[in-house]
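Printed here is work33.tsv (TSV, C-alpha atoms and all ligand atoms):
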chain	number	residue	atom	x	y	z
A	530	MET	CA	-21.99	31.03	31.31
A	531	TRP	CA	-18.45	31.11	29.96
A	532	GLU	CA	-18.89	33.41	26.94
A	533	GLY	CA	-18.10	36.66	28.71
A	534	LYS	CA	-15.07	35.12	30.32
A	535	LEU	CA	-13.03	34.32	27.23
A	536	SER	CA	-9.72	36.13	26.88
A	537	LYS	CA	-9.21	38.58	24.03
A	538	ARG	CA	-6.71	36.06	22.67
A	539	ALA	CA	-9.32	33.30	22.63
A	540	LEU	CA	-11.87	35.56	20.99
A	541	GLY	CA	-9.41	36.20	18.19
A	542	MET	CA	-9.07	32.49	17.38
A	543	LYS	CA	-11.32	31.60	14.50
A	544	GLY	CA	-12.31	28.25	13.05
A	545	SER	CA	-11.42	28.41	9.40
A	546	GLU	CA	-13.68	28.00	6.42
A	547	ILE	CA	-11.23	25.30	5.41
A	548	ARG	CA	-12.48	23.00	8.13
A	549	ARG	CA	-16.01	23.19	6.72
A	550	LEU	CA	-14.66	22.49	3.23
A	551	PHE	CA	-12.59	19.59	4.56
A	552	ARG	CA	-15.80	18.01	5.81
A	553	LEU	CA	-17.27	18.23	2.31
A	554	SER	CA	-14.16	16.62	0.90
A	555	MET	CA	-14.53	13.68	3.28
A	556	GLN	CA	-17.84	12.45	1.90
A	557	PRO	CA	-17.92	8.85	0.69
A	558	GLY	CA	-16.60	8.35	-2.81
A	559	VAL	CA	-14.79	11.70	-2.95
A	560	ILE	CA	-11.14	11.45	-3.99
A	561	SER	CA	-9.49	14.01	-1.78
A	562	PHE	CA	-6.29	15.84	-2.64
A	563	ALA	CA	-7.05	18.20	0.25
A	564	GLY	CA	-5.22	16.88	3.32
A	565	GLY	CA	-1.44	16.76	3.56
A	566	LEU	CA	-1.46	13.37	5.26
A	567	PRO	CA	1.57	11.15	4.63
A	568	ASP	CA	1.04	7.78	2.96
A	569	PRO	CA	-0.26	5.49	5.73
A	570	GLY	CA	1.01	2.41	3.89
A	571	SER	CA	4.54	3.65	4.44
A	572	PHE	CA	4.35	3.93	8.21
A	573	PRO	CA	7.05	1.70	9.72
A	574	ARG	CA	4.59	-0.43	11.68
A	575	GLU	CA	6.59	-3.65	11.93
A	576	GLU	CA	9.87	-1.98	12.83
A	577	ALA	CA	8.19	0.33	15.33
A	578	ALA	CA	6.36	-2.60	16.94
A	579	SER	CA	9.50	-4.67	17.39
A	580	VAL	CA	11.62	-1.74	18.62
A	581	LEU	CA	8.90	-0.58	21.01
A	582	SER	CA	8.28	-3.98	22.51
A	583	ARG	CA	11.97	-4.51	23.12
A	584	LEU	CA	12.41	-1.02	24.60
A	585	LEU	CA	9.44	-1.53	26.91
A	586	ARG	CA	10.74	-4.85	28.14
A	587	GLU	CA	14.33	-3.68	28.60
A	588	ARG	CA	13.96	-0.04	29.65
A	589	GLY	CA	10.27	0.37	30.46
A	590	GLU	CA	10.87	1.77	33.93
A	591	VAL	CA	12.73	4.74	32.52
A	592	LEU	CA	10.88	5.15	29.25
A	593	LEU	CA	7.43	5.25	30.81
A	594	GLN	CA	8.62	7.85	33.33
A	595	TYR	CA	8.84	11.64	32.85
A	596	GLY	CA	12.01	12.60	31.01
A	597	PRO	CA	14.13	15.73	30.52
A	598	ALA	CA	12.14	18.77	29.31
A	599	ARG	CA	14.68	19.54	26.63
A	600	GLY	CA	14.53	16.07	25.14
A	601	ASP	CA	16.48	12.85	25.41
A	602	GLU	CA	20.24	13.36	25.07
A	603	GLU	CA	20.60	10.48	22.65
A	604	LEU	CA	17.90	11.85	20.40
A	605	VAL	CA	19.55	15.26	20.50
A	606	GLU	CA	22.74	13.52	19.30
A	607	VAL	CA	20.82	11.85	16.48
A	608	ILE	CA	19.31	15.20	15.50
A	609	ARG	CA	22.72	16.87	15.56
A	610	GLU	CA	24.18	14.13	13.40
A	611	ARG	CA	21.33	14.36	10.88
A	612	MET	CA	21.61	18.17	10.80
A	613	GLY	CA	25.40	17.90	10.50
A	614	ARG	CA	25.10	15.83	7.36
A	615	ARG	CA	23.06	18.64	5.87
A	616	GLY	CA	25.66	21.26	6.64
A	617	MET	CA	24.29	22.52	9.96
A	618	ASP	CA	26.65	22.49	12.90
A	619	VAL	CA	24.70	22.95	16.15
A	620	GLY	CA	25.80	22.28	19.72
A	621	PRO	CA	24.01	19.95	22.15
A	622	ARG	CA	22.52	22.92	24.03
A	623	GLU	CA	21.21	24.44	20.82
A	624	VAL	CA	18.49	21.84	20.24
A	625	LEU	CA	15.07	21.48	21.83
A	626	VAL	CA	12.93	18.43	21.12
A	627	VAL	CA	9.29	19.43	20.61
A	628	SER	CA	6.08	17.60	19.88
A	629	GLY	CA	6.10	18.39	16.18
A	630	ALA	CA	7.26	21.45	14.24
A	631	GLN	CA	3.79	22.86	14.87
A	632	GLN	CA	4.66	23.21	18.54
A	633	GLY	CA	7.85	24.98	17.50
A	634	LEU	CA	5.75	27.50	15.58
A	635	ASP	CA	3.56	28.09	18.61
A	636	LEU	CA	6.65	28.54	20.78
A	637	CYS	CA	8.10	31.08	18.34
A	638	ALA	CA	4.85	33.02	18.53
A	639	LYS	CA	4.78	32.77	22.32
A	640	LEU	CA	8.35	34.01	22.69
A	641	PHE	CA	8.45	36.75	20.09
A	642	LEU	CA	4.97	38.10	19.52
A	643	ASP	CA	3.00	40.66	21.46
A	644	PRO	CA	-0.45	41.58	20.17
A	645	GLY	CA	-0.12	43.73	17.05
A	646	ASP	CA	3.46	42.70	16.31
A	647	VAL	CA	4.30	42.19	12.67
A	648	VAL	CA	5.49	38.89	11.20
A	649	LEU	CA	6.57	38.54	7.59
A	650	VAL	CA	5.37	35.40	5.82
A	651	GLU	CA	5.62	34.03	2.35
A	652	ALA	CA	2.38	34.53	0.44
A	653	PRO	CA	1.07	31.88	0.26
A	654	SER	CA	2.30	30.04	3.38
A	655	PHE	CA	1.53	27.09	5.66
A	656	ILE	CA	-1.94	27.41	7.27
A	657	GLY	CA	-0.73	25.96	10.59
A	658	ALA	CA	1.87	28.72	10.92
A	659	LEU	CA	-0.57	31.48	10.00
A	660	GLY	CA	-2.98	30.09	12.60
A	661	ALA	CA	-0.28	29.89	15.28
A	662	PHE	CA	0.81	33.50	14.71
A	663	ARG	CA	-2.79	34.69	14.53
A	664	ASN	CA	-3.55	33.04	17.86
A	665	TYR	CA	-1.05	35.39	19.46
A	666	GLN	CA	-2.73	38.36	17.77
A	667	ALA	CA	0.16	39.06	15.45
A	668	GLU	CA	-0.31	40.92	12.22
A	669	MET	CA	0.96	38.91	9.28
A	670	VAL	CA	2.26	40.63	6.20
A	671	GLY	CA	2.59	38.43	3.12
A	672	VAL	CA	5.42	38.71	0.62
A	673	PRO	CA	4.74	37.16	-2.80
A	674	MET	CA	6.41	33.93	-3.86
A	675	GLU	CA	8.15	33.49	-7.19
A	676	GLU	CA	9.20	30.28	-8.91
A	677	ASP	CA	12.50	30.15	-7.02
A	678	GLY	CA	11.33	31.41	-3.64
A	679	VAL	CA	10.19	34.63	-2.07
A	680	ASP	CA	10.39	37.86	-4.10
A	681	LEU	CA	13.43	39.43	-2.43
A	682	GLY	CA	12.76	42.89	-3.87
A	683	ALA	CA	9.24	42.79	-2.46
A	684	LEU	CA	10.60	41.55	0.86
A	685	GLU	CA	12.94	44.49	1.10
A	686	ARG	CA	10.28	47.01	0.06
A	687	THR	CA	7.87	45.54	2.60
A	688	VAL	CA	10.41	45.84	5.40
A	689	GLU	CA	11.27	49.42	4.37
A	690	GLY	CA	7.58	50.30	4.20
A	691	LEU	CA	6.92	48.89	7.66
A	692	LEU	CA	9.95	50.62	9.13
A	693	GLY	CA	8.71	53.87	7.58
A	694	GLU	CA	5.53	53.42	9.62
A	695	GLY	CA	7.58	52.72	12.73
A	696	ARG	CA	6.61	49.04	12.73
A	697	LYS	CA	9.59	46.76	12.83
A	698	PRO	CA	8.81	43.15	11.91
A	699	LYS	CA	9.98	40.54	14.40
A	700	PHE	CA	10.78	37.68	12.06
A	701	PHE	CA	10.40	36.27	8.59
A	702	TYR	CA	8.86	32.80	8.42
A	703	THR	CA	10.02	30.73	5.45
A	704	ILE	CA	9.79	27.16	4.13
A	705	PRO	CA	12.68	26.96	1.64
A	706	ASN	CA	12.41	23.24	0.83
A	707	PHE	CA	9.33	22.11	-1.09
A	708	GLN	CA	7.11	24.71	0.43
A	709	ASN	CA	3.66	24.03	1.73
A	710	PRO	CA	1.50	24.91	-0.20
A	711	THR	CA	3.30	25.67	-3.49
A	712	GLY	CA	5.98	22.95	-3.60
A	713	THR	CA	8.57	25.67	-4.34
A	714	LEU	CA	12.27	25.02	-3.78
A	715	THR	CA	13.95	28.29	-2.84
A	716	SER	CA	17.21	28.82	-4.74
A	717	GLN	CA	20.46	29.03	-2.80
A	718	GLU	CA	20.96	32.62	-4.04
A	719	LYS	CA	17.63	33.59	-2.55
A	720	ARG	CA	18.42	31.84	0.72
A	721	ARG	CA	21.59	33.89	0.93
A	722	GLY	CA	19.58	36.96	0.04
A	723	VAL	CA	17.08	36.29	2.82
A	724	LEU	CA	19.85	35.96	5.37
A	725	GLU	CA	21.54	39.09	4.08
A	726	LEU	CA	18.30	41.08	4.36
A	727	ALA	CA	17.68	39.68	7.81
A	728	ARG	CA	21.13	40.85	8.83
A	729	ARG	CA	20.70	44.26	7.29
A	730	TYR	CA	17.34	44.90	8.95
A	731	ASP	CA	18.02	42.91	12.12
A	732	LEU	CA	15.23	40.35	11.64
A	733	LEU	CA	15.11	36.79	12.87
A	734	VAL	CA	14.41	34.03	10.37
A	735	VAL	CA	12.17	31.11	11.33
A	736	GLU	CA	13.09	28.36	8.89
A	737	ASP	CA	10.61	25.48	8.64
A	738	ASP	CA	12.23	22.43	7.07
A	739	ALA	CA	9.43	19.87	7.50
A	740	TYR	CA	10.00	18.48	3.97
A	741	GLY	CA	13.77	18.98	3.67
A	742	GLU	CA	14.61	15.27	3.35
A	743	LEU	CA	11.94	14.54	0.76
A	744	GLY	CA	13.59	15.71	-2.43
A	745	PHE	CA	13.15	13.71	-5.64
A	746	GLY	CA	16.67	13.71	-7.03
A	747	THR	CA	17.65	17.15	-5.76
A	748	SER	CA	21.28	17.57	-4.72
A	749	ASP	CA	22.41	18.12	-1.13
A	750	GLN	CA	23.51	21.57	-2.17
A	751	GLU	CA	20.09	22.52	-3.52
A	752	VAL	CA	18.27	21.63	-0.29
A	753	ARG	CA	20.91	23.03	2.06
A	754	PRO	CA	19.01	24.98	4.72
A	755	ILE	CA	19.51	28.67	5.45
A	756	LYS	CA	20.57	27.55	8.93
A	757	ALA	CA	23.73	26.09	7.35
A	758	MET	CA	24.82	29.65	6.45
A	759	ASP	CA	23.81	31.20	9.75
A	760	GLU	CA	26.90	32.39	11.54
A	761	GLU	CA	25.21	34.84	13.88
A	762	GLY	CA	22.45	32.70	15.38
A	763	ARG	CA	19.76	34.59	13.51
A	764	VAL	CA	17.93	31.52	12.21
A	765	ILE	CA	15.58	29.40	14.28
A	766	TYR	CA	15.34	26.08	12.52
A	767	LEU	CA	12.35	23.73	12.78
A	768	GLY	CA	12.64	20.05	11.93
A	769	SER	CA	10.08	17.25	12.04
A	770	PHE	CA	9.89	13.47	12.10
A	771	SER	CA	6.27	13.62	10.90
A	772	LYS	CA	7.01	13.16	7.22
A	773	ILE	CA	9.91	10.72	7.56
A	774	VAL	CA	8.58	8.48	10.36
A	775	SER	CA	4.94	9.33	11.06
A	776	PRO	CA	2.95	12.35	12.21
A	777	GLY	CA	1.21	10.35	14.95
A	778	ILE	CA	4.43	10.11	16.99
A	779	ARG	CA	4.33	13.94	17.36
A	780	LEU	CA	8.06	14.52	17.32
A	781	GLY	CA	10.10	17.39	15.96
A	782	TRP	CA	12.78	19.81	17.06
A	783	MET	CA	13.96	23.39	17.10
A	784	ALA	CA	17.55	24.55	16.78
A	785	GLY	CA	18.84	28.02	17.57
A	786	PRO	CA	21.14	29.97	19.88
A	787	GLU	CA	21.50	28.43	23.32
A	788	GLU	CA	20.03	31.34	25.30
A	789	LEU	CA	16.96	31.29	23.10
A	790	ILE	CA	16.62	27.52	23.34
A	791	ASP	CA	16.74	27.87	27.14
A	792	ARG	CA	13.77	30.23	26.91
A	793	PHE	CA	11.91	27.97	24.51
A	794	GLU	CA	12.49	25.13	26.96
A	795	MET	CA	10.97	27.11	29.84
A	796	ALA	CA	7.91	27.88	27.76
A	797	LYS	CA	7.58	24.34	26.51
A	798	GLN	CA	7.92	22.78	29.95
A	799	MET	CA	4.74	24.56	31.02
A	800	LEU	CA	2.91	23.22	27.98
A	801	ASP	CA	3.58	19.50	28.12
A	802	VAL	CA	6.43	18.90	30.63
A	803	CYS	CA	8.56	16.77	28.31
A	804	PRO	CA	8.46	14.91	25.00
A	805	SER	CA	7.59	11.21	25.26
A	806	PRO	CA	10.73	9.30	26.36
A	807	LEU	CA	9.41	6.12	24.75
A	808	ILE	CA	8.83	7.67	21.34
A	809	GLN	CA	12.17	9.46	21.41
A	810	ALA	CA	13.97	6.19	22.22
A	811	MET	CA	12.13	4.51	19.36
A	812	VAL	CA	13.35	7.11	16.88
A	813	VAL	CA	16.90	6.81	18.20
A	814	GLU	CA	16.75	3.04	17.55
A	815	LEU	CA	15.27	3.43	14.08
A	816	HIS	CA	18.07	5.81	13.23
A	817	ARG	CA	20.85	3.68	14.72
A	818	LYS	CA	19.74	0.53	12.95
A	819	GLY	CA	20.11	2.40	9.67
A	820	PHE	CA	16.40	1.90	9.14
A	821	LEU	CA	15.54	5.58	9.01
A	822	ASP	CA	17.97	6.38	6.19
A	823	GLU	CA	16.74	3.48	4.13
A	824	HIS	CA	13.16	4.43	4.86
A	825	VAL	CA	13.72	8.00	3.64
A	826	LEU	CA	15.05	6.62	0.34
A	827	ASN	CA	11.89	4.53	-0.04
A	828	LEU	CA	9.65	7.47	0.79
A	829	ARG	CA	11.32	9.58	-1.86
A	830	GLU	CA	10.52	6.91	-4.44
A	831	ILE	CA	6.91	6.58	-3.28
A	832	TYR	CA	6.27	10.32	-3.41
A	833	ARG	CA	8.23	10.86	-6.60
A	834	SER	CA	6.06	8.34	-8.38
A	835	ARG	CA	2.90	10.00	-7.04
A	836	ARG	CA	4.18	13.41	-8.10
A	837	ASP	CA	4.80	12.00	-11.57
A	838	ALA	CA	1.30	10.55	-11.71
A	839	MET	CA	-0.24	13.85	-10.68
A	840	VAL	CA	1.79	16.04	-13.00
A	841	SER	CA	1.30	13.81	-16.04
A	842	SER	CA	-2.44	13.56	-15.34
A	843	LEU	CA	-2.68	17.34	-15.04
A	844	ARG	CA	-0.97	17.66	-18.41
A	845	ARG	CA	-3.48	15.24	-19.91
A	846	HIS	CA	-6.64	16.56	-18.36
A	847	MET	CA	-6.35	20.25	-17.56
A	848	PRO	CA	-7.71	22.77	-20.07
A	849	GLN	CA	-5.78	25.71	-21.54
A	850	GLY	CA	-5.24	28.61	-19.18
A	851	VAL	CA	-4.54	26.49	-16.13
A	852	ARG	CA	-1.00	26.42	-14.70
A	853	TRP	CA	0.59	24.33	-11.97
A	854	THR	CA	3.91	23.83	-10.21
A	855	GLU	CA	5.96	20.68	-10.81
A	856	PRO	CA	7.66	20.27	-7.44
A	857	LEU	CA	11.03	18.60	-6.96
A	858	GLY	CA	10.02	17.19	-3.58
A	859	GLY	CA	7.51	17.33	-0.75
A	860	PHE	CA	3.77	16.74	-0.99
A	861	TYR	CA	2.12	19.53	-2.98
A	862	VAL	CA	1.22	20.92	-6.39
A	863	TRP	CA	-0.09	24.48	-6.61
A	864	VAL	CA	-2.59	25.24	-9.34
A	865	THR	CA	-3.49	28.64	-10.80
A	866	ILE	CA	-6.69	29.12	-12.79
A	867	PRO	CA	-7.32	32.21	-14.92
A	868	GLU	CA	-7.32	35.60	-13.20
A	869	GLY	CA	-10.71	36.73	-11.98
A	870	ARG	CA	-11.99	33.21	-11.29
A	871	ASP	CA	-12.60	31.92	-7.77
A	872	ALA	CA	-11.30	28.48	-6.84
A	873	LEU	CA	-14.10	28.21	-4.26
A	874	ASP	CA	-16.65	28.04	-7.10
A	875	LEU	CA	-14.55	25.37	-8.80
A	876	PHE	CA	-14.31	23.52	-5.48
A	877	HIS	CA	-18.09	23.08	-5.33
A	878	MET	CA	-18.20	21.81	-8.92
A	879	ALA	CA	-15.31	19.46	-8.19
A	880	VAL	CA	-17.00	18.01	-5.10
A	881	GLU	CA	-20.11	17.34	-7.22
A	882	ARG	CA	-17.80	15.26	-9.44
A	883	LYS	CA	-16.35	13.59	-6.35
A	884	VAL	CA	-12.91	15.14	-6.18
A	885	ALA	CA	-11.59	17.73	-3.71
A	886	PHE	CA	-8.66	20.08	-3.04
A	887	VAL	CA	-7.91	22.99	-0.69
A	888	ILE	CA	-8.77	26.46	-1.95
A	889	GLY	CA	-5.66	28.61	-2.10
A	890	SER	CA	-6.99	31.79	-0.48
A	891	ALA	CA	-6.73	30.07	2.92
A	892	PHE	CA	-2.92	30.14	2.61
A	893	TYR	CA	-2.76	33.94	2.36
A	894	PRO	CA	-2.86	36.03	5.52
A	895	ASP	CA	-5.49	38.31	3.96
A	896	GLU	CA	-7.14	35.57	1.84
A	897	SER	CA	-6.86	37.99	-1.09
A	898	VAL	CA	-5.80	35.66	-3.90
A	899	ARG	CA	-8.77	33.64	-5.14
A	900	ASN	CA	-7.71	31.88	-8.37
A	901	VAL	CA	-5.43	29.26	-6.82
A	902	PHE	CA	-5.67	25.92	-5.06
A	903	ARG	CA	-3.48	23.18	-3.56
A	904	LEU	CA	-3.40	19.52	-4.54
A	905	SER	CA	-1.65	16.97	-2.32
A	906	PHE	CA	-0.17	13.95	-4.06
A	907	CYS	CA	1.09	12.30	-0.87
A	908	HIS	CA	-1.90	10.31	0.28
A	909	GLU	CA	-3.40	8.54	-2.73
A	910	ARG	CA	-2.01	5.82	-4.95
A	911	GLU	CA	-1.14	6.50	-8.58
A	912	GLU	CA	-4.33	4.98	-10.04
A	913	VAL	CA	-6.49	7.01	-7.67
A	914	ILE	CA	-4.53	10.15	-8.51
A	915	GLU	CA	-5.13	9.55	-12.22
A	916	GLU	CA	-8.83	8.99	-11.69
A	917	GLY	CA	-9.12	12.04	-9.42
A	918	ILE	CA	-7.27	14.38	-11.76
A	919	GLY	CA	-9.44	13.10	-14.63
A	920	ARG	CA	-12.51	14.17	-12.64
A	921	LEU	CA	-10.87	17.48	-11.73
A	922	GLY	CA	-10.02	18.16	-15.38
A	923	GLU	CA	-13.68	17.61	-16.29
A	924	ALA	CA	-14.86	19.90	-13.50
A	925	THR	CA	-12.36	22.58	-14.52
A	926	ARG	CA	-13.36	22.44	-18.17
A	927	ALA	CA	-17.02	22.76	-17.24
A	928	PHE	CA	-16.19	25.56	-14.81
A	929	LEU	CA	-14.10	27.60	-17.23
A	930	SER	CA	-16.55	27.22	-20.09
A	931	GLY	CA	-19.50	28.16	-17.83
B	1001	LIG	C1	5.47	23.43	6.47
B	1001	LIG	C2	5.01	22.63	7.62
B	1001	LIG	N1	5.48	22.88	8.84
B	1001	LIG	C3	5.10	22.17	9.91
B	1001	LIG	C4	4.18	21.17	9.80
B	1001	LIG	C5	3.75	20.45	11.05
B	1001	LIG	O1	4.61	19.42	11.30
B	1001	LIG	P1	4.55	18.55	12.62
B	1001	LIG	O2	3.71	17.36	12.34
B	1001	LIG	O3	5.98	18.24	12.88
B	1001	LIG	O4	3.96	19.40	13.72
B	1001	LIG	C6	3.64	20.85	8.56
B	1001	LIG	C7	2.63	19.77	8.43
B	1001	LIG	O5	1.93	19.66	7.48
B	1001	LIG	C8	4.07	21.61	7.44
B	1001	LIG	O6	3.57	21.38	6.22
What does this structure look like when you write it as structure tokens?
Amino acid sequence: MWEGKLSKRALGMKGSEIRRLFRLSMQPGVISFAGGLPDPGSFPREEAASVLSRLLRERGEVLLQYGPARGDEELVEVIRERMGRRGMDVGPREVLVVSGAQQGLDLCAKLFLDPGDVVLVEAPSFIGALGAFRNYQAEMVGVPMEEDGVDLGALERTVEGLLGEGRKPKFFYTIPNFQNPTGTLTSQEKRRGVLELARRYDLLVVEDDAYGELGFGTSDQEVRPIKAMDEEGRVIYLGSFSKIVSPGIRLGWMAGPEELIDRFEMAKQMLDVCPSPLIQAMVVELHRKGFLDEHVLNLREIYRSRRDAMVSSLRRHMPQGVRWTEPLGGFYVWVTIPEGRDALDLFHMAVERKVAFVIGSAFYPDESVRNVFRLSFCHEREEVIEEGIGRLGEATRAFLSG
């Protein structure tokens, strides 16, 4: 009855193979390094409960009402202060509170992309961004990643090539801090290079900083966002409270030039009217009490120790010929198996041995690279990580010798 009525846009939306694989990885007894879910034990349940109950009693009439579409002014101040500490100076009208960075990605696609428009992405890149851009029928062109960020030479050649065909890309989407999925920290030189290229070719930069506060001993300078160097208003910055408070509160923000933020606000208002006043007030309180800063320090320790457990287990258990990244922050390790092998085949052998990961091809716009996969160290405790990587090492040895 409804099939013939779907829009072309809806017909282009496809459920990914990843979802099917995720189901396999959720069988009982399987240790899963697949999802990027934050550690549930670290959610600030007690603090949130006491702040929320007080807010509801004292300001319930306002906080259970609709609020401003752009976000609560006090939260915008908190966001500006937190960005300011990281070298980004944005005005109060240059911030839009959104329900998670994911919504910011959708809004970028909505505002900038007509069907067939070209977007440049890091290859590999975050699946949620690729999906958001694909939903608006954009064409994504991947630019390879190197150890210290995107390959700038390749980025320039790609732009030149596209311009030669009369196809000007709209923006470059990048995750400079502890990238999902590779864990890569983009060097400051490369960040400058990206901005310089964007200026030269008149591109926008969409900078996703979902993991920017989760460095394990990195200096402020190393994680300084591209936005901090943006004098022209060329960078649209996406921030998130998902990894530093909890993803279930669905709270993030975008920062960019005021006229653009006004447009984002108009688009967002028609999506969900306003962000939750109650949740925004809760985050303001957690920040003001000093809780949030302390909490971030604890999270860094939790995830650093899990990263250590994963990396040292990989060293112990992985056979020759397998390489992986050793990230300085964030949630992910990226593993490369020998050329010509398909991580999907290894995935099935791993699941038989009750351990799972996400195959890497899903993170490429054209799914072309097959010998890679992503491991998340964020969700499991150290002993489970060690056990899981032991199983994965066994599966990989059997796979490579088969
Ligand atoms: C790079 C990146 N951007 C954005 C998001 C989505 O964040 P949010 O929960 O704020 O929508 C994620 C979540 O995994 C992510 O890894």
| Closest of A:Arg870, A:Lys719, A:Arg835, A:Arg844 to Phe745 (chain A) - atom-to-atom distances counting all atoms listed in the file |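 Counting all atoms listed in the file, the residue closest to Phe745 (chain A) is A:Arg835.
If all atoms listed in the file are the atoms counted, then among A:Leu921, A:Ala891, A:Met839, A:Ala784 the closest residue to Phe655 (chain A) is A:Ala891.
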| field | Site check for ligand LIG 1001 (chain B): residues at most 6 Å away, all atoms listed in the file, as a ChimeraX atom specification | value | /A:565,629-631,655,709,737,739,769,771,776,781
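Between CA of Met878 (chain A) and CA of Ile918 (chain A) the separation is 13.5 Å.
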| request: With a distance cut-off of 12 Å and all atoms listed in the file, select the neighbouring residues of Val774 (chain A), excluding the residue or stretch itself and same-chain residues fewer than 2 positions from it, and output the selection as a PyMOL selection string. | output: chain A and resi 567-574+576-577+629+739-740+742-743+769-772+776-781+808-809+811-813+815-816+820-825+827-828
| request: Pick out the closest residue to Leu807 (chain A) from this set: A:Ile560, A:Val591, A:Leu875, A:Ala661. Count all atoms listed in the file. | output: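 Going through A:Ile560, A:Val591, A:Leu875, A:Ala661 one by one, the smallest distance to Leu807 (chain A) is for A:Val591.
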| field | For CA of Glu676 (chain A) and CA of Tyr702 (chain A), the interatomic separation in Å (one decimal) | value | 17.5 Å
| message | List the spatial neighbours of Thr703 (chain A) as a ChimeraX atom specification - criterion: any atom at most 7 Å away, all atoms listed in the file, same-chain residues fewer than 3 positions off excluded. | response | /A:650-651,735-737
| Any idea what the distance is between CA of Gly785 (chain A) and CA of Glu623 (chain A)? |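 Taking CA of Gly785 (chain A) as the start and CA of Glu623 (chain A) as the end point, the length is 5.4 Å.
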| said: When you look at Val764 (chain A) with a cut-off of 12 Å (counting all atoms listed in the file), what residues show up, excluding the ones that are within fewer than 3 positions of it in the same chain? I need them as a PyMOL selection string. | reply: chain A and resi 617+619+623+637+700-703+720+723-725+727-728+731-738+754-761+767+783-786+789-790
| message | From the options A:Leu535, A:Ala924, A:Leu566, A:Ala810, which residue's atoms come nearest to Asp874 (chain A), counting all atoms listed in the file? | response | A:Ala924
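In terms of minimum interatomic distance to Ile765 (chain A), A:Gly633 ranks closest within A:Gly693, A:Gly712, A:Gly633, A:Gly616, counting all atoms listed in the file.
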| task | Do a neighbour search on Ala838 (chain A) at 8 Å with only C-alpha atoms, toss out local chain neighbours closer than 2 positions, and write the hits as an MDAnalysis selection string. | result | chainID A and resid 834:836 840:842 911 914:915
| task | Can you pull out every residue within 10 Å of Leu904 (chain A), counting all atoms listed in the file, but drop anything in the same chain fewer than 6 positions away, and send it as a ChimeraX atom specification? | result | /A:561-565,710-711,839,853,860-864,885-889,918
| Of the residues A:Val752, A:Val559, A:Val679, A:Ile773, which is the one nearest to Phe707 (chain A), using only C-alpha atoms? |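 Closest residue, counting only C-alpha atoms: A:Val752.
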